[in-house]
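Participant: Coordinates in run.pdb, PDB, C-alpha atoms, are listed below.
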```pdb
ATOM      1  CA  MET A 228     -61.211 -23.769  25.568
ATOM      2  CA  GLY A 229     -58.815 -26.560  24.539
ATOM      3  CA  TYR A 230     -58.951 -25.388  20.913
ATOM      4  CA  HIS A 231     -57.940 -21.829  21.854
ATOM      5  CA  VAL A 232     -55.074 -23.134  23.980
ATOM      6  CA  MET A 233     -53.813 -25.258  21.097
ATOM      7  CA  GLU A 234     -54.094 -22.357  18.661
ATOM      8  CA  TYR A 235     -52.225 -20.115  21.085
ATOM      9  CA  MET A 236     -49.497 -22.729  21.491
ATOM     10  CA  GLU A 237     -49.133 -23.120  17.722
ATOM     11  CA  ARG A 238     -48.757 -19.346  17.315
ATOM     12  CA  MET A 239     -46.104 -19.264  20.032
ATOM     13  CA  VAL A 240     -44.191 -22.138  18.407
ATOM     14  CA  ARG A 241     -44.278 -20.358  15.041
ATOM     15  CA  LYS A 242     -43.078 -17.088  16.598
ATOM     16  CA  THR A 243     -40.373 -18.894  18.526
ATOM     17  CA  GLY A 244     -39.239 -20.664  15.360
ATOM     18  CA  ILE A 245     -39.060 -17.385  13.472
ATOM     19  CA  ALA A 246     -37.133 -15.783  16.343
ATOM     20  CA  VAL A 247     -34.661 -18.673  16.344
ATOM     21  CA  VAL A 248     -34.124 -18.392  12.572
ATOM     22  CA  VAL A 249     -33.634 -14.612  12.822
ATOM     23  CA  GLY A 250     -31.248 -15.092  15.725
ATOM     24  CA  LEU A 251     -29.196 -17.656  13.818
ATOM     25  CA  PHE A 252     -29.105 -15.376  10.771
ATOM     26  CA  MET A 253     -27.833 -12.492  12.913
ATOM     27  CA  LEU A 254     -25.147 -14.722  14.431
ATOM     28  CA  VAL A 255     -23.957 -15.687  10.936
ATOM     29  CA  LEU A 256     -23.786 -12.038   9.883
ATOM     30  CA  MET A 257     -21.894 -11.094  13.041
ATOM     31  CA  GLY A 258     -19.463 -13.958  12.449
ATOM     32  CA  GLN A 259     -18.820 -12.829   8.881
ATOM     33  CA  ALA A 260     -18.251  -9.254  10.006
ATOM     34  CA  GLN A 261     -15.805 -10.403  12.665
ATOM     35  CA  SER A 262     -14.033 -12.578  10.103
ATOM     36  CA  ARG A 263     -13.635  -9.599   7.774
ATOM     37  CA  ARG A 264     -12.228  -7.535  10.623
ATOM     38  CA  ASN A 265      -9.793 -10.306  11.496
ATOM     39  CA  THR A 266      -8.532 -10.626   7.913
ATOM     40  CA  ALA A 267      -8.384  -6.882   7.233
ATOM     41  CA  PRO A 268      -4.882  -5.384   7.424
ATOM     42  CA  GLN A 269      -4.167  -3.715  10.731
ATOM     43  CA  SER A 270      -2.790  -0.196  10.818
ATOM     44  CA  ILE A 271       0.918  -0.321  11.439
ATOM     45  CA  VAL A 272       1.729   2.143  14.182
ATOM     46  CA  GLN A 273       4.952   4.165  14.263
ATOM     47  CA  VAL A 274       6.536   2.818  11.086
ATOM     48  CA  GLY A 275       9.853   4.593  10.654
ATOM     49  CA  PRO A 276      10.924   6.244   7.377
ATOM     50  CA  TRP A 277      13.597   3.591   6.665
ATOM     51  CA  SER A 278      11.446   0.554   7.450
ATOM     52  CA  GLU A 279      10.805  -2.342   5.069
ATOM     53  CA  GLU A 280       7.381  -0.811   4.372
ATOM     54  CA  PHE A 281       9.148   1.451   1.881
ATOM     55  CA  SER A 282      10.441  -1.245  -0.426
ATOM     56  CA  LEU A 283       9.516  -3.047  -3.633
ATOM     57  CA  THR A 284      10.040  -6.735  -4.396
ATOM     58  CA  ARG A 285      10.253  -8.586  -7.708
ATOM     59  CA  ASP A 286      11.301 -12.170  -8.425
ATOM     60  CA  SER A 287      12.078 -12.794  -4.743
ATOM     61  CA  THR A 288      14.584  -9.912  -4.577
ATOM     62  CA  GLY A 289      13.871  -6.363  -3.623
ATOM     63  CA  VAL A 290      15.135  -2.894  -2.966
ATOM     64  CA  ARG A 291      14.215  -0.457  -0.216
ATOM     65  CA  LEU A 292      14.917   3.155   0.639
ATOM     66  CA  GLY A 293      18.105   3.837   2.557
ATOM     67  CA  VAL A 294      21.816   3.086   2.280
ATOM     68  CA  GLN A 295      22.692   0.510  -0.396
ATOM     69  CA  GLU A 296      25.735  -1.729   0.017
ATOM     70  CA  GLY A 297      28.085  -1.927  -2.931
ATOM     71  CA  ALA A 298      27.277  -0.773  -6.446
ATOM     72  CA  PHE A 299      24.033  -1.169  -8.379
ATOM     73  CA  PRO A 300      22.217  -3.602  -8.669
ATOM     74  CA  TRP A 301      22.840  -3.868  -4.882
ATOM     75  CA  GLY A 302      22.600  -7.639  -4.702
ATOM     76  CA  THR A 303      19.381  -7.837  -6.726
ATOM     77  CA  ASN A 304      18.657  -9.197 -10.212
ATOM     78  CA  LEU A 305      17.959  -5.733 -11.645
ATOM     79  CA  ALA A 306      19.318  -4.873 -15.068
ATOM     80  CA  THR A 307      20.341  -1.350 -16.070
ATOM     81  CA  LYS A 308      19.071   0.609 -19.031
ATOM     82  CA  GLY A 309      20.823   3.862 -18.123
ATOM     83  CA  VAL A 310      22.534   5.741 -15.294
ATOM     84  CA  ASN A 311      22.862   9.497 -14.812
ATOM     85  CA  PHE A 312      25.083  11.365 -12.341
ATOM     86  CA  TRP A 313      25.022  15.064 -11.491
ATOM     87  CA  ARG A 314      25.911  17.555  -8.793
ATOM     88  CA  ALA A 315      23.588  20.181  -7.303
ATOM     89  CA  ASN A 316      23.669  22.317  -4.160
ATOM     90  CA  GLY A 317      26.873  20.672  -3.012
ATOM     91  CA  GLN A 318      25.555  17.106  -3.290
ATOM     92  CA  ASP A 319      26.158  14.323  -5.804
ATOM     93  CA  PHE A 320      23.126  12.482  -7.158
ATOM     94  CA  PHE A 321      22.383   9.397  -9.230
ATOM     95  CA  GLU A 322      19.365   8.223 -11.223
ATOM     96  CA  ILE A 323      19.183   4.666 -12.526
ATOM     97  CA  THR A 324      16.647   3.517 -15.115
ATOM     98  CA  GLY A 325      16.063  -0.220 -15.112
ATOM     99  CA  GLU A 326      15.399  -2.225 -18.252
ATOM    100  CA  ASP A 327      11.716  -2.378 -17.246
ATOM    101  CA  GLY A 328      11.488   1.412 -17.061
ATOM    102  CA  SER A 329      11.540   1.635 -13.262
ATOM    103  CA  VAL A 330      13.592   4.544 -11.925
ATOM    104  CA  PHE A 331      15.775   4.596  -8.787
ATOM    105  CA  GLY A 332      17.214   7.862  -7.513
ATOM    106  CA  GLY A 333      19.341   9.029  -4.634
ATOM    107  CA  VAL A 334      22.503  10.597  -3.289
ATOM    108  CA  ARG A 335      25.949   9.148  -4.064
ATOM    109  CA  ARG A 336      29.272   9.516  -2.345
ATOM    110  CA  ALA A 337      30.829  12.921  -2.985
ATOM    111  CA  GLY A 338      32.974  13.015  -6.102
ATOM    112  CA  THR A 339      32.258   9.437  -7.217
ATOM    113  CA  ALA A 340      30.717   8.605 -10.566
ATOM    114  CA  ASP A 341      29.139   5.352  -9.428
ATOM    115  CA  THR A 342      26.329   4.086  -7.192
ATOM    116  CA  SER A 343      28.517   2.419  -4.534
ATOM    117  CA  ASN A 344      26.995   2.765  -1.070
ATOM    118  CA  GLY A 345      24.542   5.336  -2.349
ATOM    119  CA  LEU A 346      21.540   6.518  -0.359
ATOM    120  CA  LEU A 347      18.376   5.491  -2.239
ATOM    121  CA  LEU A 348      15.719   8.176  -1.851
ATOM    122  CA  SER A 349      13.141   7.400  -4.552
ATOM    123  CA  ILE A 350      11.667   4.502  -6.532
ATOM    124  CA  HIS A 351       9.167   4.808  -9.374
ATOM    125  CA  THR A 352       7.602   1.889 -11.222
ATOM    126  CA  GLU A 353       4.802   1.159 -13.637
ATOM    127  CA  ASN A 354       5.776  -2.516 -13.890
ATOM    128  CA  PRO A 355       3.162  -4.911 -12.400
ATOM    129  CA  GLU A 356       5.925  -7.365 -11.451
ATOM    130  CA  TRP A 357       6.963  -5.125  -8.553
ATOM    131  CA  HIS A 358       5.022  -5.382  -5.269
ATOM    132  CA  THR A 359       5.028  -3.480  -2.004
ATOM    133  CA  LEU A 360       5.513  -5.211   1.341
ATOM    134  CA  ARG A 361       1.731  -5.582   1.662
ATOM    135  CA  GLY A 362       1.359  -7.079  -1.809
ATOM    136  CA  VAL A 363       0.184  -4.136  -3.902
ATOM    137  CA  GLY A 364       1.253  -4.004  -7.543
ATOM    138  CA  VAL A 365       0.427  -1.955 -10.634
ATOM    139  CA  GLY A 366      -2.802  -3.171 -12.222
ATOM    140  CA  MET A 367      -4.667  -3.707  -8.937
ATOM    141  CA  PRO A 368      -8.125  -2.121  -8.490
ATOM    142  CA  MET A 369      -8.248   0.945  -6.279
ATOM    143  CA  GLY A 370     -10.554  -0.772  -3.772
ATOM    144  CA  ASP A 371      -8.142  -3.691  -3.276
ATOM    145  CA  THR A 372      -5.180  -1.332  -2.868
ATOM    146  CA  LEU A 373      -6.898   0.842  -0.275
ATOM    147  CA  PHE A 374      -8.064  -2.271   1.588
ATOM    148  CA  LEU A 375      -4.384  -3.144   2.088
ATOM    149  CA  TYR A 376      -3.489   0.479   2.897
ATOM    150  CA  PRO A 377      -6.381   1.822   4.983
ATOM    151  CA  GLU A 378      -4.081   4.571   6.309
ATOM    152  CA  ALA A 379      -3.540   6.060   2.827
ATOM    153  CA  GLU A 380      -4.962   9.549   2.405
ATOM    154  CA  ALA A 381      -6.454  11.024  -0.729
ATOM    155  CA  GLU A 382      -4.715  13.947  -2.372
ATOM    156  CA  TYR A 383      -7.054  16.464  -3.931
ATOM    157  CA  ASP A 384      -5.134  18.066  -6.757
ATOM    158  CA  ALA A 385      -5.149  18.665 -10.514
ATOM    159  CA  HIS A 386      -4.893  14.940 -11.205
ATOM    160  CA  ARG A 387      -8.440  14.396  -9.969
ATOM    161  CA  ARG A 388      -9.857  16.734 -12.596
ATOM    162  CA  ALA A 389      -8.285  14.512 -15.257
ATOM    163  CA  GLY A 390      -9.987  11.423 -13.824
ATOM    164  CA  ALA A 391      -6.960  10.257 -11.818
ATOM    165  CA  TYR A 392      -6.840   9.631  -8.090
ATOM    166  CA  ARG A 393      -3.756   9.746  -5.907
ATOM    167  CA  TYR A 394      -3.468   8.294  -2.419
ATOM    168  CA  THR A 395      -0.416   8.574  -0.172
ATOM    169  CA  TYR A 396       0.717   6.409   2.722
ATOM    170  CA  SER A 397       3.288   8.136   4.968
ATOM    171  CA  SER A 398       5.683   6.985   7.647
ATOM    172  CA  ALA A 399       5.548   8.161  11.210
ATOM    173  CA  THR A 400       8.130  10.733  12.212
ATOM    174  CA  ASP A 401      10.369   9.739  15.092
ATOM    175  CA  ASN A 402      11.934  13.192  15.158
ATOM    176  CA  ALA A 403      12.289  16.191  12.898
ATOM    177  CA  SER A 404      15.705  15.119  11.555
ATOM    178  CA  SER A 405      14.627  11.647  10.387
ATOM    179  CA  GLY A 406      12.338  12.959   7.668
ATOM    180  CA  VAL A 407       9.315  11.228   6.180
ATOM    181  CA  SER A 408       8.964   8.404   3.663
ATOM    182  CA  ARG A 409       5.886   8.013   1.467
ATOM    183  CA  ILE A 410       4.258   5.592  -0.933
ATOM    184  CA  CYS A 411       2.164   7.336  -3.564
ATOM    185  CA  PHE A 412      -0.432   5.284  -5.466
ATOM    186  CA  LEU A 413      -1.722   6.816  -8.714
ATOM    187  CA  PHE A 414      -4.987   5.449 -10.122
ATOM    188  CA  GLU A 415      -6.629   5.961 -13.484
ATOM    189  CA  ARG A 416     -10.126   4.605 -14.088
ATOM    190  CA  ASN A 417      -9.885   3.006 -10.621
ATOM    191  CA  ILE A 418      -6.815   0.948 -11.605
ATOM    192  CA  LEU A 419      -3.351   1.452 -10.082
ATOM    193  CA  VAL A 420      -1.012   2.727 -12.825
ATOM    194  CA  SER A 421       2.128   3.663 -10.881
ATOM    195  CA  ILE A 422       3.821   3.400  -7.502
ATOM    196  CA  ASP A 423       6.192   6.062  -6.198
ATOM    197  CA  ILE A 424       8.185   5.556  -3.007
ATOM    198  CA  SER A 425      10.206   8.523  -1.775
ATOM    199  CA  HIS A 426      11.920  10.065   1.228
ATOM    200  CA  VAL A 427      11.873  13.727   2.198
ATOM    201  CA  SER A 428      14.480  14.788   4.734
ATOM    202  CA  GLY A 429      13.491  16.748   7.816
TER
END
```
What would you get if you wrote out this structure as structure tokens?

Facilitator:
Amino acid sequence: MGYHVMEYMERMVRKTGIAVVVGLFMLVLMGQAQSRRNTAPQSIVQVGPWSEEFSLTRDSTGVRLGVQEGAFPWGTNLATKGVNFWRANGQDFFEITGEDGSVFGGVRRAGTADTSNGLLLSIHTENPEWHTLRGVGVGMPMGDTLFLYPEAEAEYDAHRRAGAYRYTYSSATDNASSGVSRICFLFERNILVSIDISHVSG
């Protein structure tokens, strides 16, 4: 009788020990999952089309979509490789190519052949020195980029057939007249090869 009681008690202790170990293991897993959720970027709600989200930074200076004060390089350390001006549909435009190959385009003041107080509407770069507000730069793996931009949506187009993937993050629209700003990430072989930031008027 005593032997059976002891055997029963030993079995219960073993089962209890196993249950405790399993329970502790589950708590560790839950803690890690919660930690990942806490460190994951949160979706930014109602980001307007002219917010700082739609900017690029390099060497502690940056440029963002919207009205620029003064003439290029607009208070930054950018150097110019070339500037083009033209007129179309009653508007005057500019396109600036930086020495690193990045391209900045927008609308200039009517009748002026300079970039003073121009409205920057597009930025294109393939230079890994430039970074978005969330820290994404050319050369990053696709998984790391999409981790920082969970709101980005895949575009299914001809690029995908060529082994390229394009994801776009868009601003919220406050009203129809404010338009929409976008960041387009182009990947090849799962590596980010270019960043395009642009604004489309409403």

Participant: Would you list the contacts of Gly325 in chain A as an mmCIF file with C-alpha atoms, in the frame of the given file, taking every protein, DNA or RNA residue within 10 Å and counting all atoms listed in the file, but skipping same-chain residues closer than 5 positions in sequence?

Facilitator:
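Produced file result.cif, reproduced below:
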```
data_model
loop_
_atom_site.group_PDB
_atom_site.id
_atom_site.type_symbol
_atom_site.label_atom_id
_atom_site.label_comp_id
_atom_site.auth_asym_id
_atom_site.auth_seq_id
_atom_site.Cartn_x
_atom_site.Cartn_y
_atom_site.Cartn_z
ATOM 1 C CA PRO A 300 22.217 -3.602 -8.669
ATOM 2 C CA LEU A 305 17.959 -5.733 -11.645
ATOM 3 C CA ALA A 306 19.318 -4.873 -15.068
ATOM 4 C CA THR A 307 20.341 -1.350 -16.070
ATOM 5 C CA LYS A 308 19.071 0.609 -19.031
ATOM 6 C CA GLY A 309 20.823 3.862 -18.123
ATOM 7 C CA VAL A 310 22.534 5.741 -15.294
ATOM 8 C CA VAL A 330 13.592 4.544 -11.925
ATOM 9 C CA PHE A 331 15.775 4.596 -8.787
ATOM 10 C CA THR A 352 7.602 1.889 -11.222
#
```

Participant: So that I can see what lies close to Ser287 in chain A, please list as a VMD selection string the residues with an atom at most 10 Å from it, counting only C-alpha atoms and leaving out residues fewer than 5 positions away in the same chain.

Facilitator: chain A and resid 303 to 304 357

Participant: Around the point (-6.3, 10.9, -4.0), in the coordinates given by the file, pick out the residues reaching within 8 Å, counting all atoms listed in the file, and return them as JSON, numbers by chain.

Facilitator: {"A": [380, 381, 382, 383, 384, 387, 391, 392, 393, 394, 395, 413]}

Participant: Could the residues in this selection be saved with C-alpha atoms as a compact mmCIF listing (two decimals), in the coordinates of the input?

Facilitator:
```txt
# COMPACT_ATOMS: atom_id res chain seq x y z
CA GLU A 380 -4.96 9.55 2.40
CA ALA A 381 -6.45 11.02 -0.73
CA GLU A 382 -4.72 13.95 -2.37
CA TYR A 383 -7.05 16.46 -3.93
CA ASP A 384 -5.13 18.07 -6.76
CA ARG A 387 -8.44 14.40 -9.97
CA ALA A 391 -6.96 10.26 -11.82
CA TYR A 392 -6.84 9.63 -8.09
CA ARG A 393 -3.76 9.75 -5.91
CA TYR A 394 -3.47 8.29 -2.42
CA THR A 395 -0.42 8.57 -0.17
CA LEU A 413 -1.72 6.82 -8.71
```

Participant: Given the PyMOL selection byres ((chain A and resi 290) around 10) and the file above, list the residues it selects as a list of chain:residue names.

Facilitator: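 That selection, the PyMOL selection byres ((chain A and resi 290) around 10), comes back as A:Glu279, A:Phe281, A:Ser282, A:Leu283, A:Thr284, A:Arg285, A:Thr288, A:Gly289, A:Arg291, A:Leu292, A:Gly293, A:Gln295, A:Pro300, A:Trp301, A:Gly302, A:Thr303, A:Leu305, A:Phe331, A:Leu347, A:Ile350.
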
Participant: Take CA of Ile418 in chain A and CA of Phe374 in chain A and report the distance between them in Å, one decimal.

Facilitator: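 Between CA of Ile418 in chain A and CA of Phe374 in chain A the gap is 13.6 Å.
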
Participant: Which distance in Å separates CA of Leu419 in chain A and CA of Met367 in chain A, to one decimal?

Facilitator: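 Between CA of Leu419 in chain A and CA of Met367 in chain A the gap works out to 5.4 Å.
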
Participant: Fewer than 5 positions away in the same chain doesn't count, so skip those; otherwise give me all residues within 10 Å of Arg336 in chain A, counting all atoms listed in the file, as a PDB file with C-alpha atoms, in the coordinates of the input.

Facilitator:
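Generated output (selection20.pdb):
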```
ATOM      1  CA  GLN A 318      25.555  17.106  -3.290  1.00  0.00           C
ATOM      2  CA  ASP A 319      26.158  14.323  -5.804  1.00  0.00           C
ATOM      3  CA  PHE A 320      23.126  12.482  -7.158  1.00  0.00           C
ATOM      4  CA  PHE A 321      22.383   9.397  -9.230  1.00  0.00           C
ATOM      5  CA  ASP A 341      29.139   5.352  -9.428  1.00  0.00           C
ATOM      6  CA  THR A 342      26.329   4.086  -7.192  1.00  0.00           C
ATOM      7  CA  SER A 343      28.517   2.419  -4.534  1.00  0.00           C
ATOM      8  CA  ASN A 344      26.995   2.765  -1.070  1.00  0.00           C
ATOM      9  CA  GLY A 345      24.542   5.336  -2.349  1.00  0.00           C
ATOM     10  CA  LEU A 346      21.540   6.518  -0.359  1.00  0.00           C
TER      11      LEU A 346
END
```

Participant: Here is a test: counting only C-alpha atoms, which residue of A:Glu322, A:Glu415, A:Glu296, A:Asp327 is nearest to Gly366 in chain A?

Facilitator: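 Result for the nearest residue to Gly366 in chain A: A:Glu415.
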
Participant: What residues come out when you apply the PyMOL selection byres ((chain A and resi 353) around 8) to this file, written as a list of chain:residue names?

Facilitator: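 Checking the PyMOL selection byres ((chain A and resi 353) around 8) against this file, the residues are A:Gly328, A:Ser329, A:His351, A:Thr352, A:Asn354, A:Pro355, A:Val365, A:Val420, A:Ser421, A:Ile422.
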
Participant: Rank A:Ser405, A:Asn311, A:Thr372, A:Ser425 by their smallest atom-to-atom distance to Ile323 in chain A, using all atoms listed in the file, and report the top residue only.

Facilitator: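 For Ile323 in chain A, the nearest of the given residues is A:Asn311.
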
Participant: Have a look at CA of Phe412 in chain A and CA of Arg335 in chain A and let me know their distance in Å, one decimal.

Facilitator: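 Calculated distance between CA of Phe412 in chain A and CA of Arg335 in chain A is 26.7 Å.
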
Participant: Using all atoms listed in the file, which protein or nucleic acid residues come within 10 Å of Pro276 in chain A? Drop anything in the same chain fewer than 2 positions from it, and give the result as a list of chain:residue names.

Facilitator: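 With the cut-off at 10 Å, the set is A:Gln273, A:Val274, A:Ser278, A:Glu279, A:Glu280, A:Phe281, A:Leu292, A:Gly293, A:Ser397, A:Ser398, A:Ala399, A:Thr400, A:Asp401, A:Ser405, A:Gly406, A:Val407, A:Ser408, A:Arg409, A:Ser425, A:His426, A:Val427, A:Ser428.
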
Participant: Kindly reconstruct range 373-385 of chain A with N, CA, C and O atoms and present the result as a PDB file, keeping the file's coordinate frame.

Facilitator:
```pdb
ATOM      1  N   LEU A 373      -6.574   0.089  -1.490  1.00  0.00           N
ATOM      2  CA  LEU A 373      -6.898   0.842  -0.275  1.00  0.00           C
ATOM      3  C   LEU A 373      -7.309  -0.087   0.856  1.00  0.00           C
ATOM      4  O   LEU A 373      -7.188   0.278   2.034  1.00  0.00           O
ATOM      5  N   PHE A 374      -7.777  -1.280   0.541  1.00  0.00           N
ATOM      6  CA  PHE A 374      -8.064  -2.271   1.588  1.00  0.00           C
ATOM      7  C   PHE A 374      -6.764  -2.657   2.294  1.00  0.00           C
ATOM      8  O   PHE A 374      -6.740  -2.839   3.512  1.00  0.00           O
ATOM      9  N   LEU A 375      -5.676  -2.783   1.513  1.00  0.00           N
ATOM     10  CA  LEU A 375      -4.384  -3.144   2.088  1.00  0.00           C
ATOM     11  C   LEU A 375      -3.674  -1.951   2.722  1.00  0.00           C
ATOM     12  O   LEU A 375      -2.779  -2.133   3.551  1.00  0.00           O
ATOM     13  N   TYR A 376      -4.068  -0.740   2.322  1.00  0.00           N
ATOM     14  CA  TYR A 376      -3.489   0.479   2.897  1.00  0.00           C
ATOM     15  C   TYR A 376      -4.604   1.395   3.404  1.00  0.00           C
ATOM     16  O   TYR A 376      -4.849   2.466   2.842  1.00  0.00           O
ATOM     17  N   PRO A 377      -5.279   0.988   4.478  1.00  0.00           N
ATOM     18  CA  PRO A 377      -6.381   1.822   4.983  1.00  0.00           C
ATOM     19  C   PRO A 377      -5.910   3.169   5.520  1.00  0.00           C
ATOM     20  O   PRO A 377      -6.715   4.098   5.666  1.00  0.00           O
ATOM     21  N   GLU A 378      -4.598   3.300   5.796  1.00  0.00           N
ATOM     22  CA  GLU A 378      -4.081   4.571   6.309  1.00  0.00           C
ATOM     23  C   GLU A 378      -3.832   5.599   5.199  1.00  0.00           C
ATOM     24  O   GLU A 378      -3.592   6.771   5.473  1.00  0.00           O
ATOM     25  N   ALA A 379      -3.842   5.158   3.935  1.00  0.00           N
ATOM     26  CA  ALA A 379      -3.540   6.060   2.827  1.00  0.00           C
ATOM     27  C   ALA A 379      -4.570   7.176   2.751  1.00  0.00           C
ATOM     28  O   ALA A 379      -5.763   6.956   2.934  1.00  0.00           O
ATOM     29  N   GLU A 380      -4.087   8.376   2.468  1.00  0.00           N
ATOM     30  CA  GLU A 380      -4.962   9.549   2.405  1.00  0.00           C
ATOM     31  C   GLU A 380      -5.048  10.075   0.981  1.00  0.00           C
ATOM     32  O   GLU A 380      -4.057  10.081   0.250  1.00  0.00           O
ATOM     33  N   ALA A 381      -6.237  10.504   0.614  1.00  0.00           N
ATOM     34  CA  ALA A 381      -6.454  11.024  -0.729  1.00  0.00           C
ATOM     35  C   ALA A 381      -5.817  12.395  -0.876  1.00  0.00           C
ATOM     36  O   ALA A 381      -5.830  13.200   0.049  1.00  0.00           O
ATOM     37  N   GLU A 382      -5.243  12.628  -2.044  1.00  0.00           N
ATOM     38  CA  GLU A 382      -4.715  13.947  -2.372  1.00  0.00           C
ATOM     39  C   GLU A 382      -5.660  14.589  -3.382  1.00  0.00           C
ATOM     40  O   GLU A 382      -5.948  14.017  -4.433  1.00  0.00           O
ATOM     41  N   TYR A 383      -6.125  15.760  -3.051  1.00  0.00           N
ATOM     42  CA  TYR A 383      -7.054  16.464  -3.931  1.00  0.00           C
ATOM     43  C   TYR A 383      -6.265  17.509  -4.715  1.00  0.00           C
ATOM     44  O   TYR A 383      -5.916  18.570  -4.216  1.00  0.00           O
ATOM     45  N   ASP A 384      -5.949  17.172  -5.945  1.00  0.00           N
ATOM     46  CA  ASP A 384      -5.134  18.066  -6.757  1.00  0.00           C
ATOM     47  C   ASP A 384      -5.611  18.031  -8.210  1.00  0.00           C
ATOM     48  O   ASP A 384      -6.679  17.523  -8.526  1.00  0.00           O
ATOM     49  N   ALA A 385      -4.771  18.563  -9.103  1.00  0.00           N
ATOM     50  CA  ALA A 385      -5.149  18.665 -10.514  1.00  0.00           C
ATOM     51  C   ALA A 385      -5.369  17.306 -11.149  1.00  0.00           C
ATOM     52  O   ALA A 385      -6.120  17.188 -12.119  1.00  0.00           O
TER      53      ALA A 385
END
```
